[in-house]
Every structure is written in C-alpha cells, then in structure tokens.
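Colleague: Please find data06.pdb (PDB, C-alpha atoms, pLDDT in the B column) on the next line:
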```pdb
ATOM      1  CA  MET A   1      81.741 -53.951 -24.743  1.00 50.00           C
ATOM      2  CA  THR A   2      83.753 -53.227 -21.610  1.00 54.00           C
ATOM      3  CA  PRO A   3      85.448 -49.799 -21.793  1.00 55.00           C
ATOM      4  CA  THR A   4      89.219 -49.680 -21.405  1.00 57.00           C
ATOM      5  CA  ALA A   5      90.874 -48.081 -18.374  1.00 56.00           C
ATOM      6  CA  GLU A   6      92.090 -45.280 -20.648  1.00 58.00           C
ATOM      7  CA  ALA A   7      88.550 -44.619 -21.899  1.00 58.00           C
ATOM      8  CA  VAL A   8      87.190 -44.535 -18.371  1.00 55.00           C
ATOM      9  CA  THR A   9      89.897 -42.115 -17.287  1.00 62.00           C
ATOM     10  CA  THR A  10      89.184 -39.872 -20.283  1.00 58.00           C
ATOM     11  CA  LYS A  11      85.452 -39.945 -19.549  1.00 59.00           C
ATOM     12  CA  GLU A  12      86.008 -39.060 -15.903  1.00 63.00           C
ATOM     13  CA  ARG A  13      88.250 -36.155 -16.834  1.00 60.00           C
ATOM     14  CA  THR A  14      85.705 -34.938 -19.374  1.00 56.00           C
ATOM     15  CA  ILE A  15      83.019 -34.879 -16.688  1.00 57.00           C
ATOM     16  CA  VAL A  16      85.299 -32.968 -14.342  1.00 54.00           C
ATOM     17  CA  ALA A  17      86.284 -30.504 -17.092  1.00 52.00           C
ATOM     18  CA  GLU A  18      82.633 -29.810 -17.880  1.00 55.00           C
ATOM     19  CA  LYS A  19      81.912 -29.004 -14.243  1.00 59.00           C
ATOM     20  CA  ILE A  20      85.123 -27.083 -13.554  1.00 55.00           C
ATOM     21  CA  ARG A  21      86.160 -24.899 -16.455  1.00 75.00           C
ATOM     22  CA  THR A  22      88.674 -22.343 -15.228  1.00 92.00           C
ATOM     23  CA  LEU A  23      91.970 -22.818 -13.457  1.00 92.00           C
ATOM     24  CA  LEU A  24      90.732 -20.892 -10.438  1.00 92.00           C
ATOM     25  CA  GLN A  25      87.714 -23.151 -10.186  1.00 92.00           C
ATOM     26  CA  ARG A  26      89.995 -26.190 -10.402  1.00 92.00           C
ATOM     27  CA  LEU A  27      92.275 -24.836  -7.680  1.00 91.00           C
ATOM     28  CA  ALA A  28      89.236 -24.040  -5.540  1.00 91.00           C
ATOM     29  CA  ALA A  29      88.118 -27.660  -5.929  1.00 90.00           C
ATOM     30  CA  VAL A  30      91.561 -28.892  -4.867  1.00 91.00           C
ATOM     31  CA  GLN A  31      91.515 -26.518  -1.918  1.00 88.00           C
ATOM     32  CA  GLY A  32      88.122 -27.825  -0.882  1.00 88.00           C
ATOM     33  CA  GLU A  33      89.338 -31.420  -0.800  1.00 89.00           C
ATOM     34  CA  VAL A  34      92.681 -30.998   0.945  1.00 84.00           C
ATOM     35  CA  ASP A  35      92.363 -31.831   4.605  1.00 72.00           C
ATOM     36  CA  TYR A  36      94.780 -31.228   7.460  1.00 67.00           C
ATOM     37  CA  ILE A  37      98.427 -32.005   6.691  1.00 72.00           C
ATOM     38  CA  GLN A  38     100.015 -33.663   9.698  1.00 65.00           C
ATOM     39  CA  LYS A  39     103.196 -32.099  11.034  1.00 65.00           C
ATOM     40  CA  GLU A  40     106.118 -34.410  11.615  1.00 64.00           C
ATOM     41  CA  LYS A  41     109.343 -34.344  13.578  1.00 59.00           C
ATOM     42  CA  LYS A  42     112.351 -35.878  11.886  1.00 57.00           C
ATOM     43  CA  ALA A  43     115.568 -37.024  13.506  1.00 54.00           C
ATOM     44  CA  GLY A  44     117.808 -34.118  14.439  1.00 52.00           C
ATOM     45  CA  MET A  45     115.009 -31.535  14.379  1.00 49.00           C
ATOM     46  CA  ARG A  46     113.864 -29.634  17.443  1.00 49.00           C
ATOM     47  CA  TYR A  47     110.465 -28.725  16.004  1.00 49.00           C
ATOM     48  CA  SER A  48     107.624 -30.398  14.109  1.00 55.00           C
ATOM     49  CA  ILE A  49     107.153 -29.246  10.522  1.00 65.00           C
ATOM     50  CA  VAL A  50     104.948 -29.790   7.511  1.00 74.00           C
ATOM     51  CA  SER A  51     107.467 -31.356   5.124  1.00 80.00           C
ATOM     52  CA  HIS A  52     107.732 -31.029   1.351  1.00 82.00           C
ATOM     53  CA  ASP A  53     106.958 -34.743   0.888  1.00 83.00           C
ATOM     54  CA  ALA A  54     103.881 -34.551   3.121  1.00 84.00           C
ATOM     55  CA  VAL A  55     102.505 -31.599   1.159  1.00 88.00           C
ATOM     56  CA  THR A  56     103.198 -33.253  -2.195  1.00 88.00           C
ATOM     57  CA  ALA A  57     101.587 -36.521  -1.093  1.00 88.00           C
ATOM     58  CA  LYS A  58      98.382 -34.674  -0.182  1.00 88.00           C
ATOM     59  CA  VAL A  59      98.229 -32.172  -3.023  1.00 91.00           C
ATOM     60  CA  ARG A  60      99.499 -33.982  -6.135  1.00 92.00           C
ATOM     61  CA  PRO A  61      96.700 -36.591  -6.435  1.00 92.00           C
ATOM     62  CA  LEU A  62      94.084 -33.818  -6.244  1.00 93.00           C
ATOM     63  CA  MET A  63      95.928 -31.692  -8.790  1.00 94.00           C
ATOM     64  CA  VAL A  64      95.887 -34.659 -11.169  1.00 94.00           C
ATOM     65  CA  LYS A  65      92.218 -35.323 -10.460  1.00 92.00           C
ATOM     66  CA  HIS A  66      91.192 -31.753 -11.249  1.00 92.00           C
ATOM     67  CA  GLY A  67      93.538 -31.246 -14.187  1.00 93.00           C
ATOM     68  CA  VAL A  68      96.066 -28.797 -12.742  1.00 95.00           C
ATOM     69  CA  LEU A  69      99.748 -29.011 -13.601  1.00 95.00           C
ATOM     70  CA  TYR A  70     102.407 -27.097 -11.673  1.00 95.00           C
ATOM     71  CA  TYR A  71     106.074 -26.569 -12.490  1.00 94.00           C
ATOM     72  CA  PRO A  72     108.823 -23.919 -12.104  1.00 92.00           C
ATOM     73  CA  VAL A  73     109.243 -21.393 -14.921  1.00 93.00           C
ATOM     74  CA  PHE A  74     112.032 -19.443 -13.231  1.00 93.00           C
ATOM     75  CA  LEU A  75     114.718 -20.469 -10.763  1.00 91.00           C
ATOM     76  CA  LYS A  76     117.671 -18.521  -9.422  1.00 90.00           C
ATOM     77  CA  THR A  77     119.946 -19.810  -6.668  1.00 86.00           C
ATOM     78  CA  GLU A  78     122.695 -18.106  -4.711  1.00 85.00           C
ATOM     79  CA  GLN A  79     125.213 -19.639  -2.341  1.00 81.00           C
ATOM     80  CA  VAL A  80     125.996 -17.650   0.811  1.00 77.00           C
ATOM     81  CA  GLY A  81     128.394 -19.603   2.960  1.00 77.00           C
ATOM     82  CA  ASN A  82     126.671 -22.904   3.704  1.00 77.00           C
ATOM     83  CA  ARG A  83     123.216 -21.538   2.888  1.00 80.00           C
ATOM     84  CA  THR A  84     121.586 -21.847  -0.536  1.00 85.00           C
ATOM     85  CA  GLN A  85     118.992 -19.192  -1.370  1.00 87.00           C
ATOM     86  CA  ALA A  86     116.487 -19.979  -4.124  1.00 89.00           C
ATOM     87  CA  MET A  87     114.093 -17.581  -5.867  1.00 93.00           C
ATOM     88  CA  MET A  88     111.428 -19.349  -7.917  1.00 92.00           C
ATOM     89  CA  ILE A  89     108.302 -18.706  -9.942  1.00 94.00           C
ATOM     90  CA  MET A  90     105.837 -21.604  -9.933  1.00 94.00           C
ATOM     91  CA  ARG A  91     103.228 -21.837 -12.683  1.00 96.00           C
ATOM     92  CA  PHE A  92      99.859 -23.500 -12.088  1.00 96.00           C
ATOM     93  CA  VAL A  93      98.122 -24.242 -15.385  1.00 96.00           C
ATOM     94  CA  SER A  94      94.955 -25.970 -16.585  1.00 94.00           C
ATOM     95  CA  VAL A  95      95.799 -29.150 -18.487  1.00 93.00           C
ATOM     96  CA  ASP A  96      93.007 -28.302 -20.954  1.00 91.00           C
ATOM     97  CA  ASP A  97      94.125 -24.734 -21.670  1.00 92.00           C
ATOM     98  CA  ALA A  98      97.805 -23.775 -21.625  1.00 91.00           C
ATOM     99  CA  GLN A  99      96.852 -20.095 -21.609  1.00 93.00           C
ATOM    100  CA  ASP A 100      94.846 -20.448 -18.387  1.00 94.00           C
ATOM    101  CA  TYR A 101      97.468 -20.177 -15.663  1.00 94.00           C
ATOM    102  CA  ILE A 102      98.675 -18.215 -12.661  1.00 93.00           C
ATOM    103  CA  GLU A 103     102.246 -17.703 -11.482  1.00 94.00           C
ATOM    104  CA  VAL A 104     103.295 -17.674  -7.856  1.00 93.00           C
ATOM    105  CA  HIS A 105     106.557 -16.121  -6.657  1.00 94.00           C
ATOM    106  CA  THR A 106     108.208 -18.097  -3.890  1.00 92.00           C
ATOM    107  CA  ALA A 107     111.552 -18.435  -2.119  1.00 90.00           C
ATOM    108  CA  GLY A 108     113.433 -21.075  -0.193  1.00 88.00           C
ATOM    109  CA  TYR A 109     116.515 -21.496   1.953  1.00 84.00           C
ATOM    110  CA  GLY A 110     118.586 -24.609   2.491  1.00 84.00           C
ATOM    111  CA  ILE A 111     121.400 -24.815   5.038  1.00 80.00           C
ATOM    112  CA  ASP A 112     123.742 -27.748   4.590  1.00 76.00           C
ATOM    113  CA  ASP A 113     127.451 -28.412   5.098  1.00 69.00           C
ATOM    114  CA  GLN A 114     127.634 -30.856   2.190  1.00 73.00           C
ATOM    115  CA  ASP A 115     125.885 -30.771  -1.206  1.00 77.00           C
ATOM    116  CA  LYS A 116     122.184 -30.873  -0.262  1.00 83.00           C
ATOM    117  CA  GLY A 117     121.627 -27.128   0.109  1.00 83.00           C
ATOM    118  CA  PRO A 118     120.185 -26.521  -3.392  1.00 85.00           C
ATOM    119  CA  GLY A 119     117.752 -29.439  -3.078  1.00 86.00           C
ATOM    120  CA  LYS A 120     116.570 -28.231   0.327  1.00 87.00           C
ATOM    121  CA  ALA A 121     116.106 -24.682  -0.939  1.00 87.00           C
ATOM    122  CA  ILE A 122     114.109 -25.784  -4.003  1.00 90.00           C
ATOM    123  CA  SER A 123     111.938 -28.165  -1.947  1.00 88.00           C
ATOM    124  CA  TYR A 124     111.263 -25.366   0.534  1.00 89.00           C
ATOM    125  CA  ALA A 125     110.218 -23.004  -2.272  1.00 90.00           C
ATOM    126  CA  VAL A 126     107.921 -25.569  -3.932  1.00 91.00           C
ATOM    127  CA  LYS A 127     106.347 -26.478  -0.590  1.00 90.00           C
ATOM    128  CA  TYR A 128     105.503 -22.894   0.245  1.00 89.00           C
ATOM    129  CA  ALA A 129     104.154 -22.177  -3.245  1.00 91.00           C
ATOM    130  CA  LEU A 130     101.689 -25.047  -2.758  1.00 92.00           C
ATOM    131  CA  LEU A 131     100.831 -24.091   0.814  1.00 89.00           C
ATOM    132  CA  LYS A 132     100.194 -20.425   0.054  1.00 88.00           C
ATOM    133  CA  THR A 133      98.347 -21.018  -3.219  1.00 89.00           C
ATOM    134  CA  LEU A 134      95.945 -23.417  -1.535  1.00 88.00           C
ATOM    135  CA  GLY A 135      95.818 -21.571   1.790  1.00 85.00           C
ATOM    136  CA  LEU A 136      97.132 -24.508   3.788  1.00 81.00           C
ATOM    137  CA  GLU A 137      98.829 -24.530   7.173  1.00 67.00           C
ATOM    138  CA  SER A 138     102.617 -24.411   7.161  1.00 60.00           C
ATOM    139  CA  GLY A 139     105.098 -25.706   9.706  1.00 53.00           C
ATOM    140  CA  ASP A 140     107.138 -23.569  12.031  1.00 47.00           C
ATOM    141  CA  ASP A 141     110.490 -24.318  10.430  1.00 47.00           C
ATOM    142  CA  PRO A 142     112.093 -25.012   7.033  1.00 47.00           C
ATOM    143  CA  ASP A 143     112.925 -28.453   5.635  1.00 46.00           C
ATOM    144  CA  GLU A 144     116.448 -28.594   6.968  1.00 45.00           C
ATOM    145  CA  ASP A 145     118.535 -29.528   9.966  1.00 46.00           C
ATOM    146  CA  GLN A 146     117.280 -27.121  12.625  1.00 43.00           C
ATOM    147  CA  ASP A 147     120.588 -27.160  14.479  1.00 47.00           C
ATOM    148  CA  THR A 148     122.722 -26.183  11.481  1.00 51.00           C
ATOM    149  CA  VAL A 149     124.021 -22.643  11.832  1.00 51.00           C
ATOM    150  CA  HIS A 150     124.275 -20.353   8.827  1.00 52.00           C
ATOM    151  CA  VAL A 151     127.865 -19.370   8.113  1.00 53.00           C
ATOM    152  CA  ASN A 152     128.669 -15.807   7.130  1.00 57.00           C
ATOM    153  CA  PRO A 153     131.133 -15.757   4.191  1.00 57.00           C
ATOM    154  CA  ALA A 154     132.961 -12.848   5.880  1.00 59.00           C
ATOM    155  CA  ASP A 155     133.615 -14.692   9.156  1.00 73.00           C
ATOM    156  CA  GLU A 156     137.098 -15.687  10.308  1.00 82.00           C
ATOM    157  CA  HIS A 157     136.894 -19.265   9.042  1.00 81.00           C
ATOM    158  CA  ASN A 158     135.861 -18.327   5.512  1.00 79.00           C
ATOM    159  CA  LEU A 159     138.549 -15.653   5.448  1.00 84.00           C
ATOM    160  CA  ALA A 160     141.069 -18.247   6.647  1.00 86.00           C
ATOM    161  CA  MET A 161     140.112 -20.615   3.811  1.00 85.00           C
ATOM    162  CA  ALA A 162     140.348 -17.763   1.315  1.00 85.00           C
ATOM    163  CA  ALA A 163     143.886 -17.063   2.591  1.00 89.00           C
ATOM    164  CA  PHE A 164     144.721 -20.773   2.249  1.00 90.00           C
ATOM    165  CA  GLU A 165     143.493 -20.766  -1.346  1.00 88.00           C
ATOM    166  CA  ALA A 166     145.537 -17.632  -2.107  1.00 88.00           C
ATOM    167  CA  ASP A 167     148.710 -19.326  -0.829  1.00 90.00           C
ATOM    168  CA  ILE A 168     147.858 -22.422  -2.869  1.00 90.00           C
ATOM    169  CA  ALA A 169     147.694 -20.290  -5.992  1.00 89.00           C
ATOM    170  CA  LEU A 170     151.110 -18.736  -5.216  1.00 89.00           C
ATOM    171  CA  ALA A 171     152.929 -22.026  -4.558  1.00 87.00           C
ATOM    172  CA  ASP A 172     155.029 -22.966  -7.580  1.00 88.00           C
ATOM    173  CA  ASP A 173     156.514 -26.272  -6.444  1.00 88.00           C
ATOM    174  CA  VAL A 174     155.468 -29.287  -4.392  1.00 88.00           C
ATOM    175  CA  VAL A 175     157.591 -28.361  -1.368  1.00 89.00           C
ATOM    176  CA  LEU A 176     156.112 -24.860  -1.088  1.00 90.00           C
ATOM    177  CA  LEU A 177     152.616 -26.272  -1.501  1.00 89.00           C
ATOM    178  CA  GLU A 178     153.147 -28.775   1.312  1.00 90.00           C
ATOM    179  CA  MET A 179     154.524 -25.973   3.497  1.00 91.00           C
ATOM    180  CA  THR A 180     151.344 -24.018   2.740  1.00 89.00           C
ATOM    181  CA  ALA A 181     149.217 -26.907   3.986  1.00 89.00           C
ATOM    182  CA  ALA A 182     151.249 -27.091   7.188  1.00 91.00           C
ATOM    183  CA  LYS A 183     150.985 -23.328   7.670  1.00 91.00           C
ATOM    184  CA  HIS A 184     147.166 -23.427   7.520  1.00 91.00           C
ATOM    185  CA  LYS A 185     146.674 -26.748   9.332  1.00 90.00           C
ATOM    186  CA  VAL A 186     145.235 -25.265  12.541  1.00 90.00           C
ATOM    187  CA  ALA A 187     142.926 -22.902  10.636  1.00 90.00           C
ATOM    188  CA  ILE A 188     141.681 -25.803   8.508  1.00 90.00           C
ATOM    189  CA  GLU A 189     140.870 -27.888  11.577  1.00 89.00           C
ATOM    190  CA  LYS A 190     138.937 -25.021  13.194  1.00 87.00           C
ATOM    191  CA  ALA A 191     137.002 -24.253  10.008  1.00 85.00           C
ATOM    192  CA  THR A 192     136.093 -27.928   9.509  1.00 84.00           C
ATOM    193  CA  ALA A 193     134.095 -27.890  12.734  1.00 83.00           C
ATOM    194  CA  VAL A 194     132.032 -24.941  11.460  1.00 79.00           C
ATOM    195  CA  ASN A 195     131.736 -25.300   7.684  1.00 77.00           C
ATOM    196  CA  LYS A 196     132.879 -28.574   6.144  1.00 79.00           C
ATOM    197  CA  ALA A 197     131.676 -27.551   2.685  1.00 75.00           C
ATOM    198  CA  ARG A 198     133.933 -24.472   2.611  1.00 78.00           C
ATOM    199  CA  VAL A 199     136.937 -26.471   3.789  1.00 85.00           C
ATOM    200  CA  LEU A 200     136.206 -29.092   1.136  1.00 84.00           C
ATOM    201  CA  LEU A 201     136.469 -26.456  -1.588  1.00 82.00           C
ATOM    202  CA  ALA A 202     139.873 -25.341  -0.276  1.00 86.00           C
ATOM    203  CA  ARG A 203     141.106 -28.922  -0.068  1.00 87.00           C
ATOM    204  CA  GLN A 204     139.951 -29.585  -3.610  1.00 87.00           C
ATOM    205  CA  ALA A 205     141.953 -26.562  -4.773  1.00 86.00           C
ATOM    206  CA  TYR A 206     144.973 -27.964  -2.909  1.00 90.00           C
ATOM    207  CA  ALA A 207     144.596 -31.411  -4.475  1.00 89.00           C
ATOM    208  CA  GLN A 208     144.236 -29.972  -7.973  1.00 88.00           C
ATOM    209  CA  LYS A 209     147.329 -27.764  -7.560  1.00 88.00           C
ATOM    210  CA  LEU A 210     149.323 -30.672  -6.133  1.00 89.00           C
ATOM    211  CA  LYS A 211     148.472 -32.806  -9.159  1.00 88.00           C
ATOM    212  CA  VAL A 212     149.493 -30.036 -11.551  1.00 87.00           C
ATOM    213  CA  LEU A 213     152.840 -29.499  -9.800  1.00 88.00           C
ATOM    214  CA  LYS A 214     153.593 -33.221  -9.656  1.00 87.00           C
ATOM    215  CA  ASP A 215     152.787 -33.581 -13.375  1.00 86.00           C
ATOM    216  CA  GLN A 216     155.117 -30.659 -14.143  1.00 86.00           C
ATOM    217  CA  LEU A 217     157.886 -32.228 -12.044  1.00 82.00           C
ATOM    218  CA  LYS A 218     157.416 -35.540 -13.788  1.00 82.00           C
ATOM    219  CA  GLU A 219     157.743 -33.896 -17.204  1.00 82.00           C
ATOM    220  CA  LYS A 220     161.004 -32.167 -16.169  1.00 80.00           C
ATOM    221  CA  THR A 221     162.599 -35.402 -14.960  1.00 79.00           C
ATOM    222  CA  GLN A 222     161.714 -37.397 -18.069  1.00 72.00           C
TER     223      GLN A 222
END
```
Since I need it in another form, could you write the structure as structure tokens?
Modeller:
Amino acid sequence: MTPTAEAVTTKERTIVAEKIRTLLQRLAAVQGEVDYIQKEKKAGMRYSIVSHDAVTAKVRPLMVKHGVLYYPVFLKTEQVGNRTQAMMIMRFVSVDDAQDYIEVHTAGYGIDDQDKGPGKAISYAVKYALLKTLGLESGDDPDEDQDTVHVNPADEHNLAMAAFEADIALADDVVLLEMTAAKHKVAIEKATAVNKARVLLARQAYAQKLKVLKDQLKEKTQ
C-alpha cells in the first residue's frame, strides 16, 4: 500500500523529532543549514540591506522542517512624529512541546509619511529577532526609505499643525473655520513638504469640523 503524503510527512517529522529533541537543538540545526542571505538594494535606497522578506524566505522553510514555531507574544508601538517605534517579544517554541521555548526581546523602527510605519517597524523587529537568534548577518540599514528624515514632534511644523488644530476646535461657524484654513495656509504648505502624515491628521480634523458645522447650519435653516 502506498503511504499518503500526510503519512510520509508525519514519518519524516517523527524521525527528525527523535534525532533533535530540544528547542535549542532544533534551532542549532536550523542555524547549521542557513547559508548566506544575499543583501539587496531596493529603489530609493542608498545602501544594500538584508530585507525582512529575504530573511523569512531563508529561515521559515527550515523552521518548519525542524519543528520550530515563532510568533510575537508582546508588542508595543509608539508614534513619534513620522517614526513608529515597536518593542516586541518573539517566542520560539518546539511544535512537540509547548513548554519548550525561548523568548527574544527585539525592537524596530519604521519611518514613513503615510500609513506604513507600523508595518515597517514590526517587520524590522521580526527580522532582527531571527537574525540575532540564529547568528546571521544583518544589513547596514533598516527596512525603510533611507532618505526619509525623522520628524521631531516638537519642531516648527508639528507645532504649526497643533496650532491649526487648536483654531479648528475654537471655530464655531463655517465662516470662522474657513478663515482658520486661510490663516494657516502657508504653514500647511511648508509642513506638507516635511511630514505629509501630520498634515493629513490636521486636514482630517478640519474636514470633520466642517461637516459638523454644516450639519448644524442645515438643522437651523430647516
């Protein structure tokens, strides 16, 4: 009788489990099989890096082969201007013994003017947890646009947007709100060139307040 693919897979894993019993032995086996991870240079980057996807492509098949599962058990993110900071704890555990695991503390940063900062920060943290756990070479730079400059929340442009938002909150009719937009027009244009994400938040606050005031005006005229 020809064995099924599932039976063959189970048999192969049983053989591996008999030879490699502890998590550390499994990780050592993975480490022994991982070869050099080629650096790459993506569009817009000044330097070559070892990317998150390149590390995952090399490491994941070997983790599966040797029965090691990895996943985050703690994640905390913080937004500082256009930079997302992520603190993470990654757990590496034997698939045959949930109590046989190690936890690796890692961190990541993602600079982005739109909405990709958290994803970049998390990918960075996962990449470095894998690299450091397995003792692999890392790239020179993080997985982000190398030319993007971190924006300090206390700089003049962030303060200008905070002032814009304060005036938006004070405006109690459509005319005053539109005057507020005109008052901050130059500051908005300057800030857009530095931190589009921060300007977007201020503009969203403006749009929401404008809708509220227009709805109130409509109710009064009915």
Colleague: Separation of atom CA of Gly67 of chain A and atom CA of Arg26 of chain A, in Å?
Modeller: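 Separation between atom CA of Gly67 of chain A and atom CA of Arg26 of chain A: 7.2 Å.
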Colleague: Tell me which protein, DNA and RNA residues are within 12 Å of segment 198-204 of chain A, counting all atoms listed in the file, leaving out same-chain ones fewer than 4 positions away, and put them as a PyMOL selection string.
Modeller: chain A and resi 79-83+112-115+151-153+155+157-169+177+180-181+184-185+187-194+208-211
Colleague: Write out as a ChimeraX atom specification the residues lying within 9 Å of segment 98-102 of chain A, counting only C-alpha atoms and excluding same-chain residues fewer than 3 positions away.
Modeller: /A:22-24,90-95
Colleague: Within 12 Å of (119.2, -28.2, 0.7) (file coordinates; all atoms listed in the file), which protein or nucleic acid residues are there? I'd like them as a PyMOL selection string.
Modeller: chain A and resi 52+77-79+82-86+108-125+142-145+148
Colleague: So the first atom is atom CA of Val50 of chain A and the second is atom CA of Ala129 of chain A; what is the distance between them in Å, to one decimal place?
Modeller: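 Interatomic distance here is 13.2 Å.
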Colleague: With all atoms listed in the file as the basis for distance, which of A:Val34, A:Leu69, A:Leu75, A:Met179 is at the shortest distance from Val55 of chain A?
Modeller: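 Distance minimum relative to Val55 of chain A lands on A:Val34.
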Colleague: Between A:Leu217, A:Met87, A:Ala54, A:Val174, which residue has the minimum interatomic distance to Asp35 of chain A, considering only C-alpha atoms?
Modeller: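 Among the listed residues, A:Ala54 lies closest to Asp35 of chain A.
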Colleague: Any idea what the distance is between atom CA of Lys127 of chain A and atom CA of Gln25 of chain A?
Modeller: 21.2 Å
Colleague: For each of A:Glu156, A:Gln222, A:Lys214, A:Lys196, take the minimum atom-to-atom distance to Val175 of chain A, counting all atoms listed in the file, then give the residue where this is smallest.
Modeller: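 Closest to Val175 of chain A of all the choices is A:Lys214.
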Colleague: Nearest residue to Phe74 of chain A out of A:Lys183, A:Lys220, A:Lys58, A:His105, using all atoms listed in the file?
Modeller: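 Under the stated criterion, the closest residue is A:His105.
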Colleague: Using all atoms listed in the file, which of A:Val68, A:Leu176, A:Val59, A:Ala205 sits nearest Val126 of chain A?
Modeller: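 Checking each of A:Val68, A:Leu176, A:Val59, A:Ala205 against Val126 of chain A, counting all atoms listed in the file, the winner is A:Val59.
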Colleague: Kindly indicate which residue among A:Ala107, A:Asp172, A:Val30, A:Asp215 lies nearest to Val64 of chain A, using only C-alpha atoms for the distances.
Modeller: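 Looking only at the distances to Val64 of chain A, the closest residue turns out to be A:Val30.
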